[in-house]
>>> print(open('run-v2.cif').read())   # mmCIF, N, CA and C atoms
data_start
loop_
_atom_site.label_atom_id
_atom_site.label_comp_id
_atom_site.auth_asym_id
_atom_site.auth_seq_id
_atom_site.Cartn_x
_atom_site.Cartn_y
_atom_site.Cartn_z
N MET H 6 27.61 -11.69 35.20
CA MET H 6 26.84 -11.86 33.99
C MET H 6 27.54 -12.87 33.08
N PHE H 7 27.83 -12.47 31.81
CA PHE H 7 28.50 -13.36 30.88
C PHE H 7 29.91 -12.86 30.62
N ASP H 8 30.81 -13.80 30.40
CA ASP H 8 32.17 -13.39 30.06
C ASP H 8 32.24 -12.97 28.59
N GLU H 9 33.36 -12.38 28.21
CA GLU H 9 33.50 -11.83 26.86
C GLU H 9 33.37 -12.91 25.78
N GLU H 10 33.91 -14.07 26.04
CA GLU H 10 33.84 -15.16 25.04
C GLU H 10 32.39 -15.60 24.81
N THR H 11 31.63 -15.70 25.88
CA THR H 11 30.23 -16.09 25.76
C THR H 11 29.44 -15.03 24.99
N LEU H 12 29.68 -13.75 25.30
CA LEU H 12 29.00 -12.67 24.58
C LEU H 12 29.33 -12.70 23.09
N LYS H 13 30.59 -12.96 22.76
CA LYS H 13 30.97 -13.06 21.34
C LYS H 13 30.24 -14.22 20.68
N GLY H 14 30.07 -15.32 21.40
CA GLY H 14 29.33 -16.46 20.88
C GLY H 14 27.88 -16.11 20.60
N PHE H 15 27.26 -15.39 21.55
CA PHE H 15 25.87 -14.93 21.34
C PHE H 15 25.77 -14.01 20.13
N GLN H 16 26.72 -13.10 19.99
CA GLN H 16 26.70 -12.17 18.86
C GLN H 16 26.85 -12.91 17.53
N PHE H 17 27.70 -13.93 17.52
CA PHE H 17 27.90 -14.73 16.32
C PHE H 17 26.61 -15.45 15.95
N ILE H 18 25.96 -16.07 16.94
CA ILE H 18 24.70 -16.78 16.70
C ILE H 18 23.64 -15.81 16.20
N ASP H 19 23.55 -14.63 16.80
CA ASP H 19 22.58 -13.62 16.39
C ASP H 19 22.83 -13.19 14.94
N LYS H 20 24.09 -13.05 14.57
CA LYS H 20 24.44 -12.66 13.20
C LYS H 20 24.01 -13.75 12.21
N ILE H 21 24.30 -15.01 12.54
CA ILE H 21 23.96 -16.13 11.67
C ILE H 21 22.44 -16.23 11.50
N ILE H 22 21.70 -16.07 12.60
CA ILE H 22 20.24 -16.14 12.53
C ILE H 22 19.71 -15.00 11.66
N GLY H 23 20.22 -13.80 11.85
CA GLY H 23 19.79 -12.64 11.05
C GLY H 23 20.04 -12.86 9.57
N GLU H 24 21.19 -13.41 9.22
CA GLU H 24 21.50 -13.69 7.81
C GLU H 24 20.56 -14.75 7.24
N ALA H 25 20.25 -15.77 8.05
CA ALA H 25 19.34 -16.82 7.59
C ALA H 25 17.94 -16.28 7.36
N VAL H 26 17.48 -15.39 8.23
CA VAL H 26 16.16 -14.79 8.07
C VAL H 26 16.11 -13.96 6.80
N LYS H 27 17.12 -13.14 6.57
CA LYS H 27 17.16 -12.32 5.35
C LYS H 27 17.17 -13.19 4.10
N GLU H 28 17.91 -14.27 4.13
CA GLU H 28 17.96 -15.19 2.99
C GLU H 28 16.60 -15.82 2.73
N ALA H 29 15.92 -16.23 3.80
CA ALA H 29 14.60 -16.84 3.65
C ALA H 29 13.60 -15.82 3.11
N GLN H 30 13.68 -14.58 3.58
CA GLN H 30 12.78 -13.54 3.08
C GLN H 30 13.00 -13.32 1.58
N GLU H 31 14.23 -13.22 1.17
CA GLU H 31 14.54 -13.03 -0.25
C GLU H 31 14.03 -14.20 -1.09
N ARG H 32 14.21 -15.41 -0.57
CA ARG H 32 13.76 -16.60 -1.29
C ARG H 32 12.23 -16.58 -1.45
N ASN H 33 11.53 -16.19 -0.39
CA ASN H 33 10.08 -16.07 -0.49
C ASN H 33 9.69 -15.11 -1.60
N TRP H 34 10.28 -13.92 -1.60
CA TRP H 34 9.93 -12.90 -2.58
C TRP H 34 10.27 -13.36 -3.99
N GLN H 35 11.40 -14.05 -4.17
CA GLN H 35 11.77 -14.55 -5.49
C GLN H 35 10.75 -15.56 -6.00
N ASN H 36 10.10 -16.25 -5.07
CA ASN H 36 9.08 -17.24 -5.44
C ASN H 36 7.68 -16.66 -5.42
N GLY H 37 7.58 -15.35 -5.30
CA GLY H 37 6.28 -14.69 -5.32
C GLY H 37 5.46 -14.85 -4.06
N LEU H 38 6.11 -15.21 -2.96
CA LEU H 38 5.41 -15.43 -1.69
C LEU H 38 5.62 -14.25 -0.75
N PRO H 39 4.62 -13.96 0.07
CA PRO H 39 4.80 -12.89 1.04
C PRO H 39 5.58 -13.39 2.25
N ASN H 40 6.18 -12.45 2.95
CA ASN H 40 6.75 -12.75 4.25
C ASN H 40 5.66 -12.46 5.28
N ILE H 41 5.59 -13.28 6.30
CA ILE H 41 4.51 -13.20 7.27
C ILE H 41 5.10 -12.76 8.61
N TYR H 42 4.45 -11.74 9.19
CA TYR H 42 4.89 -11.19 10.46
C TYR H 42 3.72 -11.10 11.42
N SER H 43 4.03 -11.01 12.69
CA SER H 43 3.03 -10.83 13.72
C SER H 43 3.39 -9.58 14.53
N LYS H 44 2.39 -8.73 14.75
CA LYS H 44 2.58 -7.55 15.59
C LYS H 44 1.31 -7.34 16.39
N ASN H 45 1.46 -7.22 17.69
CA ASN H 45 0.31 -7.04 18.58
C ASN H 45 -0.75 -8.12 18.35
N LYS H 46 -0.29 -9.34 18.21
CA LYS H 46 -1.15 -10.52 18.04
C LYS H 46 -1.94 -10.51 16.74
N LYS H 47 -1.53 -9.70 15.77
CA LYS H 47 -2.18 -9.68 14.46
C LYS H 47 -1.15 -10.09 13.42
N ILE H 48 -1.62 -10.79 12.39
CA ILE H 48 -0.73 -11.28 11.34
C ILE H 48 -0.77 -10.32 10.16
N TYR H 49 0.41 -10.04 9.62
CA TYR H 49 0.56 -9.18 8.46
C TYR H 49 1.40 -9.88 7.41
N TYR H 50 1.09 -9.59 6.15
CA TYR H 50 1.79 -10.19 5.03
C TYR H 50 2.49 -9.08 4.25
N GLU H 51 3.77 -9.24 4.01
CA GLU H 51 4.51 -8.28 3.19
C GLU H 51 4.76 -8.92 1.83
N LEU H 52 4.12 -8.36 0.80
CA LEU H 52 4.23 -8.89 -0.55
C LEU H 52 5.58 -8.52 -1.16
N PRO H 53 6.00 -9.24 -2.19
CA PRO H 53 7.28 -8.96 -2.84
C PRO H 53 7.40 -7.52 -3.35
N ASP H 54 6.26 -6.87 -3.64
CA ASP H 54 6.31 -5.49 -4.12
C ASP H 54 6.35 -4.48 -2.97
N GLY H 55 6.39 -4.96 -1.73
CA GLY H 55 6.52 -4.08 -0.57
C GLY H 55 5.21 -3.74 0.12
N ARG H 56 4.08 -4.07 -0.49
CA ARG H 56 2.79 -3.80 0.15
C ARG H 56 2.63 -4.68 1.38
N ILE H 57 2.01 -4.13 2.42
CA ILE H 57 1.73 -4.87 3.64
C ILE H 57 0.23 -4.95 3.81
N MET H 58 -0.27 -6.17 4.05
CA MET H 58 -1.71 -6.40 4.15
C MET H 58 -2.01 -7.24 5.38
N ASN H 59 -3.22 -7.03 5.92
CA ASN H 59 -3.67 -7.94 6.97
C ASN H 59 -4.28 -9.17 6.28
N HIS H 60 -4.78 -10.10 7.07
CA HIS H 60 -5.26 -11.37 6.51
C HIS H 60 -6.43 -11.16 5.55
N GLU H 61 -7.40 -10.35 5.97
CA GLU H 61 -8.57 -10.10 5.12
C GLU H 61 -8.17 -9.44 3.80
N GLU H 62 -7.30 -8.46 3.87
CA GLU H 62 -6.85 -7.78 2.66
C GLU H 62 -6.12 -8.74 1.72
N LEU H 63 -5.28 -9.60 2.31
CA LEU H 63 -4.55 -10.56 1.49
C LEU H 63 -5.51 -11.51 0.78
N CYS H 64 -6.52 -11.99 1.50
CA CYS H 64 -7.47 -12.93 0.89
C CYS H 64 -8.27 -12.26 -0.23
N ASN H 65 -8.67 -11.02 -0.03
CA ASN H 65 -9.36 -10.28 -1.09
C ASN H 65 -8.45 -10.11 -2.30
N TYR H 66 -7.19 -9.78 -2.04
CA TYR H 66 -6.20 -9.62 -3.11
C TYR H 66 -6.01 -10.94 -3.85
N ALA H 67 -5.90 -12.03 -3.11
CA ALA H 67 -5.68 -13.34 -3.72
C ALA H 67 -6.87 -13.74 -4.59
N GLU H 68 -8.08 -13.48 -4.12
CA GLU H 68 -9.28 -13.84 -4.88
C GLU H 68 -9.37 -13.08 -6.20
N THR H 69 -8.96 -11.83 -6.20
CA THR H 69 -9.14 -11.00 -7.38
C THR H 69 -7.90 -10.85 -8.25
N THR H 70 -6.72 -11.04 -7.66
CA THR H 70 -5.50 -10.71 -8.39
C THR H 70 -4.50 -11.86 -8.48
N ASP H 71 -4.31 -12.58 -7.38
CA ASP H 71 -3.26 -13.61 -7.35
C ASP H 71 -3.76 -14.88 -6.68
N PRO H 72 -4.46 -15.75 -7.42
CA PRO H 72 -5.01 -16.96 -6.82
C PRO H 72 -3.95 -17.92 -6.26
N ASN H 73 -2.70 -17.72 -6.63
CA ASN H 73 -1.63 -18.57 -6.07
C ASN H 73 -1.48 -18.37 -4.57
N LEU H 74 -2.01 -17.27 -4.03
CA LEU H 74 -1.88 -17.00 -2.60
C LEU H 74 -3.09 -17.48 -1.80
N LEU H 75 -4.08 -18.04 -2.47
CA LEU H 75 -5.28 -18.48 -1.76
C LEU H 75 -5.00 -19.53 -0.69
N PHE H 76 -3.93 -20.27 -0.82
CA PHE H 76 -3.62 -21.30 0.18
C PHE H 76 -3.41 -20.68 1.56
N LEU H 77 -3.07 -19.38 1.62
CA LEU H 77 -2.87 -18.70 2.89
C LEU H 77 -4.20 -18.31 3.54
N CYS H 78 -5.28 -18.42 2.82
CA CYS H 78 -6.58 -17.96 3.29
C CYS H 78 -7.45 -19.07 3.86
N ARG H 79 -6.98 -20.25 3.90
CA ARG H 79 -7.79 -21.37 4.39
C ARG H 79 -7.74 -21.45 5.89
#
>>> encode(input="run-v2.cif", output="structure tokens")
Amino acid sequence: MFDEETLKGFQFIDKIIGEAVKEAQERNWQNGLPNIYSKNKKIYYELPDGRIMNHEELCNYAETTDPNLLFLCR
């Protein structure tokens, strides 16, 4: 399989990627943007307040509450 040095390299890369993802998520929330995820071929949006919505729910929310998010509905 892989030697110990290679495995440590993979672990280091995985750690760096995880930290970068967390930083990007925080930056999105600070700017009022949702984080976007895919599960079972469906897209979900996690709003800064923790609510999770599908695409239709997000667009309804954007139309009535937060027009700044309408760009995600096009």
>>> residues_around(input="run-v2.cif", residues="range 60-69 of chain H", least_positions_apart="2", cutoff="7 Å", atoms="only N, CA and C atoms", output="ChimeraX atom specification")
/H:48-50,58,71-75,77-78
>>> select_by_dssp(input="run-v2.cif", residues="chain H", states="strand (DSSP E)", output="list in words")
Asn40, Ile41, Tyr42, Ser43, Lys44, Lys47, Ile48, Tyr49, Tyr50, Glu51, Ile57, Met58 and Asn59 of chain H
>>> axis_aligned_box(input="run-v2.cif", around="range 12-30 of chain H", padding_each_side="6 Å", output="AutoDock Vina command-line options")
--center_x 21.9 --center_y -14.5 --center_z 13.4 --size_x 30.2 --size_y 16.7 --size_z 35.7
>>> atom_distance(input="run-v2.cif", atom1="atom C of Gly14 in chain H", atom2="CA of Gln30 in chain H")
23.3 Å
>>> resolve_selection(input="run-v2.cif", expression="the PyMOL selection byres (((chain H and resi 51 and name CA) around 8) and name CA)", output="PyMOL selection string")
chain H and resi 39-42+49-50+52-53+55-58
>>> atom_distance(input="run-v2.cif", atom1="atom N of Met6 in chain H", atom2="atom N of Gly23 in chain H")
24.6 Å
>>> atom_distance(input="run-v2.cif", atom1="CA of Glu28 in chain H", atom2="CA of Leu12 in chain H")
24.4 Å
>>> closest_residue(input="run-v2.cif", among="H:Asp8, H:Asn59, H:Lys13, H:Glu31", to="Lys47 in chain H", atoms="only N, CA and C atoms")
H:Asn59
>>> select_by_dssp(input="run-v2.cif", residues="chain H", states="helix (DSSP H, G or I)", output="PDB file with N, CA and C atoms, in the frame of the given file")
ATOM      1  N   GLU H   9      33.360 -12.380  28.210  1.00  0.00           N
ATOM      2  CA  GLU H   9      33.500 -11.830  26.860  1.00  0.00           C
ATOM      3  C   GLU H   9      33.370 -12.910  25.780  1.00  0.00           C
ATOM      4  N   GLU H  10      33.910 -14.070  26.040  1.00  0.00           N
ATOM      5  CA  GLU H  10      33.840 -15.160  25.040  1.00  0.00           C
ATOM      6  C   GLU H  10      32.390 -15.600  24.810  1.00  0.00           C
ATOM      7  N   THR H  11      31.630 -15.700  25.880  1.00  0.00           N
ATOM      8  CA  THR H  11      30.230 -16.090  25.760  1.00  0.00           C
ATOM      9  C   THR H  11      29.440 -15.030  24.990  1.00  0.00           C
ATOM     10  N   LEU H  12      29.680 -13.750  25.300  1.00  0.00           N
ATOM     11  CA  LEU H  12      29.000 -12.670  24.580  1.00  0.00           C
ATOM     12  C   LEU H  12      29.330 -12.700  23.090  1.00  0.00           C
ATOM     13  N   LYS H  13      30.590 -12.960  22.760  1.00  0.00           N
ATOM     14  CA  LYS H  13      30.970 -13.060  21.340  1.00  0.00           C
ATOM     15  C   LYS H  13      30.240 -14.220  20.680  1.00  0.00           C
ATOM     16  N   GLY H  14      30.070 -15.320  21.400  1.00  0.00           N
ATOM     17  CA  GLY H  14      29.330 -16.460  20.880  1.00  0.00           C
ATOM     18  C   GLY H  14      27.880 -16.110  20.600  1.00  0.00           C
ATOM     19  N   PHE H  15      27.260 -15.390  21.550  1.00  0.00           N
ATOM     20  CA  PHE H  15      25.870 -14.930  21.340  1.00  0.00           C
ATOM     21  C   PHE H  15      25.770 -14.010  20.130  1.00  0.00           C
ATOM     22  N   GLN H  16      26.720 -13.100  19.990  1.00  0.00           N
ATOM     23  CA  GLN H  16      26.700 -12.170  18.860  1.00  0.00           C
ATOM     24  C   GLN H  16      26.850 -12.910  17.530  1.00  0.00           C
ATOM     25  N   PHE H  17      27.700 -13.930  17.520  1.00  0.00           N
ATOM     26  CA  PHE H  17      27.900 -14.730  16.320  1.00  0.00           C
ATOM     27  C   PHE H  17      26.610 -15.450  15.950  1.00  0.00           C
ATOM     28  N   ILE H  18      25.960 -16.070  16.940  1.00  0.00           N
ATOM     29  CA  ILE H  18      24.700 -16.780  16.700  1.00  0.00           C
ATOM     30  C   ILE H  18      23.640 -15.810  16.200  1.00  0.00           C
ATOM     31  N   ASP H  19      23.550 -14.630  16.800  1.00  0.00           N
ATOM     32  CA  ASP H  19      22.580 -13.620  16.390  1.00  0.00           C
ATOM     33  C   ASP H  19      22.830 -13.190  14.940  1.00  0.00           C
ATOM     34  N   LYS H  20      24.090 -13.050  14.570  1.00  0.00           N
ATOM     35  CA  LYS H  20      24.440 -12.660  13.200  1.00  0.00           C
ATOM     36  C   LYS H  20      24.010 -13.750  12.210  1.00  0.00           C
ATOM     37  N   ILE H  21      24.300 -15.010  12.540  1.00  0.00           N
ATOM     38  CA  ILE H  21      23.960 -16.130  11.670  1.00  0.00           C
ATOM     39  C   ILE H  21      22.440 -16.230  11.500  1.00  0.00           C
ATOM     40  N   ILE H  22      21.700 -16.070  12.600  1.00  0.00           N
ATOM     41  CA  ILE H  22      20.240 -16.140  12.530  1.00  0.00           C
ATOM     42  C   ILE H  22      19.710 -15.000  11.660  1.00  0.00           C
ATOM     43  N   GLY H  23      20.220 -13.800  11.850  1.00  0.00           N
ATOM     44  CA  GLY H  23      19.790 -12.640  11.050  1.00  0.00           C
ATOM     45  C   GLY H  23      20.040 -12.860   9.570  1.00  0.00           C
ATOM     46  N   GLU H  24      21.190 -13.410   9.220  1.00  0.00           N
ATOM     47  CA  GLU H  24      21.500 -13.690   7.810  1.00  0.00           C
ATOM     48  C   GLU H  24      20.560 -14.750   7.240  1.00  0.00           C
ATOM     49  N   ALA H  25      20.250 -15.770   8.050  1.00  0.00           N
ATOM     50  CA  ALA H  25      19.340 -16.820   7.590  1.00  0.00           C
ATOM     51  C   ALA H  25      17.940 -16.280   7.360  1.00  0.00           C
ATOM     52  N   VAL H  26      17.480 -15.390   8.230  1.00  0.00           N
ATOM     53  CA  VAL H  26      16.160 -14.790   8.070  1.00  0.00           C
ATOM     54  C   VAL H  26      16.110 -13.960   6.800  1.00  0.00           C
ATOM     55  N   LYS H  27      17.120 -13.140   6.570  1.00  0.00           N
ATOM     56  CA  LYS H  27      17.160 -12.320   5.350  1.00  0.00           C
ATOM     57  C   LYS H  27      17.170 -13.190   4.100  1.00  0.00           C
ATOM     58  N   GLU H  28      17.910 -14.270   4.130  1.00  0.00           N
ATOM     59  CA  GLU H  28      17.960 -15.190   2.990  1.00  0.00           C
ATOM     60  C   GLU H  28      16.600 -15.820   2.730  1.00  0.00           C
ATOM     61  N   ALA H  29      15.920 -16.230   3.800  1.00  0.00           N
ATOM     62  CA  ALA H  29      14.600 -16.840   3.650  1.00  0.00           C
ATOM     63  C   ALA H  29      13.600 -15.820   3.110  1.00  0.00           C
ATOM     64  N   GLN H  30      13.680 -14.580   3.580  1.00  0.00           N
ATOM     65  CA  GLN H  30      12.780 -13.540   3.080  1.00  0.00           C
ATOM     66  C   GLN H  30      13.000 -13.320   1.580  1.00  0.00           C
ATOM     67  N   GLU H  31      14.230 -13.220   1.170  1.00  0.00           N
ATOM     68  CA  GLU H  31      14.540 -13.030  -0.250  1.00  0.00           C
ATOM     69  C   GLU H  31      14.030 -14.200  -1.090  1.00  0.00           C
ATOM     70  N   ARG H  32      14.210 -15.410  -0.570  1.00  0.00           N
ATOM     71  CA  ARG H  32      13.760 -16.600  -1.290  1.00  0.00           C
ATOM     72  C   ARG H  32      12.230 -16.580  -1.450  1.00  0.00           C
ATOM     73  N   ASN H  33      11.530 -16.190  -0.390  1.00  0.00           N
ATOM     74  CA  ASN H  33      10.080 -16.070  -0.490  1.00  0.00           C
ATOM     75  C   ASN H  33       9.690 -15.110  -1.600  1.00  0.00           C
ATOM     76  N   TRP H  34      10.280 -13.920  -1.600  1.00  0.00           N
ATOM     77  CA  TRP H  34       9.930 -12.900  -2.580  1.00  0.00           C
ATOM     78  C   TRP H  34      10.270 -13.360  -3.990  1.00  0.00           C
ATOM     79  N   GLN H  35      11.400 -14.050  -4.170  1.00  0.00           N
ATOM     80  CA  GLN H  35      11.770 -14.550  -5.490  1.00  0.00           C
ATOM     81  C   GLN H  35      10.750 -15.560  -6.000  1.00  0.00           C
ATOM     82  N   HIS H  60      -4.780 -10.100   7.070  1.00  0.00           N
ATOM     83  CA  HIS H  60      -5.260 -11.370   6.510  1.00  0.00           C
ATOM     84  C   HIS H  60      -6.430 -11.160   5.550  1.00  0.00           C
ATOM     85  N   GLU H  61      -7.400 -10.350   5.970  1.00  0.00           N
ATOM     86  CA  GLU H  61      -8.570 -10.100   5.120  1.00  0.00           C
ATOM     87  C   GLU H  61      -8.170  -9.440   3.800  1.00  0.00           C
ATOM     88  N   GLU H  62      -7.300  -8.460   3.870  1.00  0.00           N
ATOM     89  CA  GLU H  62      -6.850  -7.780   2.660  1.00  0.00           C
ATOM     90  C   GLU H  62      -6.120  -8.740   1.720  1.00  0.00           C
ATOM     91  N   LEU H  63      -5.280  -9.600   2.310  1.00  0.00           N
ATOM     92  CA  LEU H  63      -4.550 -10.560   1.490  1.00  0.00           C
ATOM     93  C   LEU H  63      -5.510 -11.510   0.780  1.00  0.00           C
ATOM     94  N   CYS H  64      -6.520 -11.990   1.500  1.00  0.00           N
ATOM     95  CA  CYS H  64      -7.470 -12.930   0.890  1.00  0.00           C
ATOM     96  C   CYS H  64      -8.270 -12.260  -0.230  1.00  0.00           C
ATOM     97  N   ASN H  65      -8.670 -11.020  -0.030  1.00  0.00           N
ATOM     98  CA  ASN H  65      -9.360 -10.280  -1.090  1.00  0.00           C
ATOM     99  C   ASN H  65      -8.450 -10.110  -2.300  1.00  0.00           C
ATOM    100  N   TYR H  66      -7.190  -9.780  -2.040  1.00  0.00           N
ATOM    101  CA  TYR H  66      -6.200  -9.620  -3.110  1.00  0.00           C
ATOM    102  C   TYR H  66      -6.010 -10.940  -3.850  1.00  0.00           C
ATOM    103  N   ALA H  67      -5.900 -12.030  -3.110  1.00  0.00           N
ATOM    104  CA  ALA H  67      -5.680 -13.340  -3.720  1.00  0.00           C
ATOM    105  C   ALA H  67      -6.870 -13.740  -4.590  1.00  0.00           C
ATOM    106  N   GLU H  68      -8.080 -13.480  -4.120  1.00  0.00           N
ATOM    107  CA  GLU H  68      -9.280 -13.840  -4.880  1.00  0.00           C
ATOM    108  C   GLU H  68      -9.370 -13.080  -6.200  1.00  0.00           C
ATOM    109  N   THR H  69      -8.960 -11.830  -6.200  1.00  0.00           N
ATOM    110  CA  THR H  69      -9.140 -11.000  -7.380  1.00  0.00           C
ATOM    111  C   THR H  69      -7.900 -10.850  -8.250  1.00  0.00           C
ATOM    112  N   PRO H  72      -4.460 -15.750  -7.420  1.00  0.00           N
ATOM    113  CA  PRO H  72      -5.010 -16.960  -6.820  1.00  0.00           C
ATOM    114  C   PRO H  72      -3.950 -17.920  -6.260  1.00  0.00           C
ATOM    115  N   ASN H  73      -2.700 -17.720  -6.630  1.00  0.00           N
ATOM    116  CA  ASN H  73      -1.630 -18.570  -6.070  1.00  0.00           C
ATOM    117  C   ASN H  73      -1.480 -18.370  -4.570  1.00  0.00           C
ATOM    118  N   LEU H  74      -2.010 -17.270  -4.030  1.00  0.00           N
ATOM    119  CA  LEU H  74      -1.880 -17.000  -2.600  1.00  0.00           C
ATOM    120  C   LEU H  74      -3.090 -17.480  -1.800  1.00  0.00           C
ATOM    121  N   LEU H  75      -4.080 -18.040  -2.470  1.00  0.00           N
ATOM    122  CA  LEU H  75      -5.280 -18.480  -1.760  1.00  0.00           C
ATOM    123  C   LEU H  75      -5.000 -19.530  -0.690  1.00  0.00           C
ATOM    124  N   PHE H  76      -3.930 -20.270  -0.820  1.00  0.00           N
ATOM    125  CA  PHE H  76      -3.620 -21.300   0.180  1.00  0.00           C
ATOM    126  C   PHE H  76      -3.410 -20.680   1.560  1.00  0.00           C
ATOM    127  N   LEU H  77      -3.070 -19.380   1.620  1.00  0.00           N
ATOM    128  CA  LEU H  77      -2.870 -18.700   2.890  1.00  0.00           C
ATOM    129  C   LEU H  77      -4.200 -18.310   3.540  1.00  0.00           C
ATOM    130  N   CYS H  78      -5.280 -18.420   2.820  1.00  0.00           N
ATOM    131  CA  CYS H  78      -6.580 -17.960   3.290  1.00  0.00           C
ATOM    132  C   CYS H  78      -7.450 -19.070   3.860  1.00  0.00           C
TER     133      CYS H  78
END
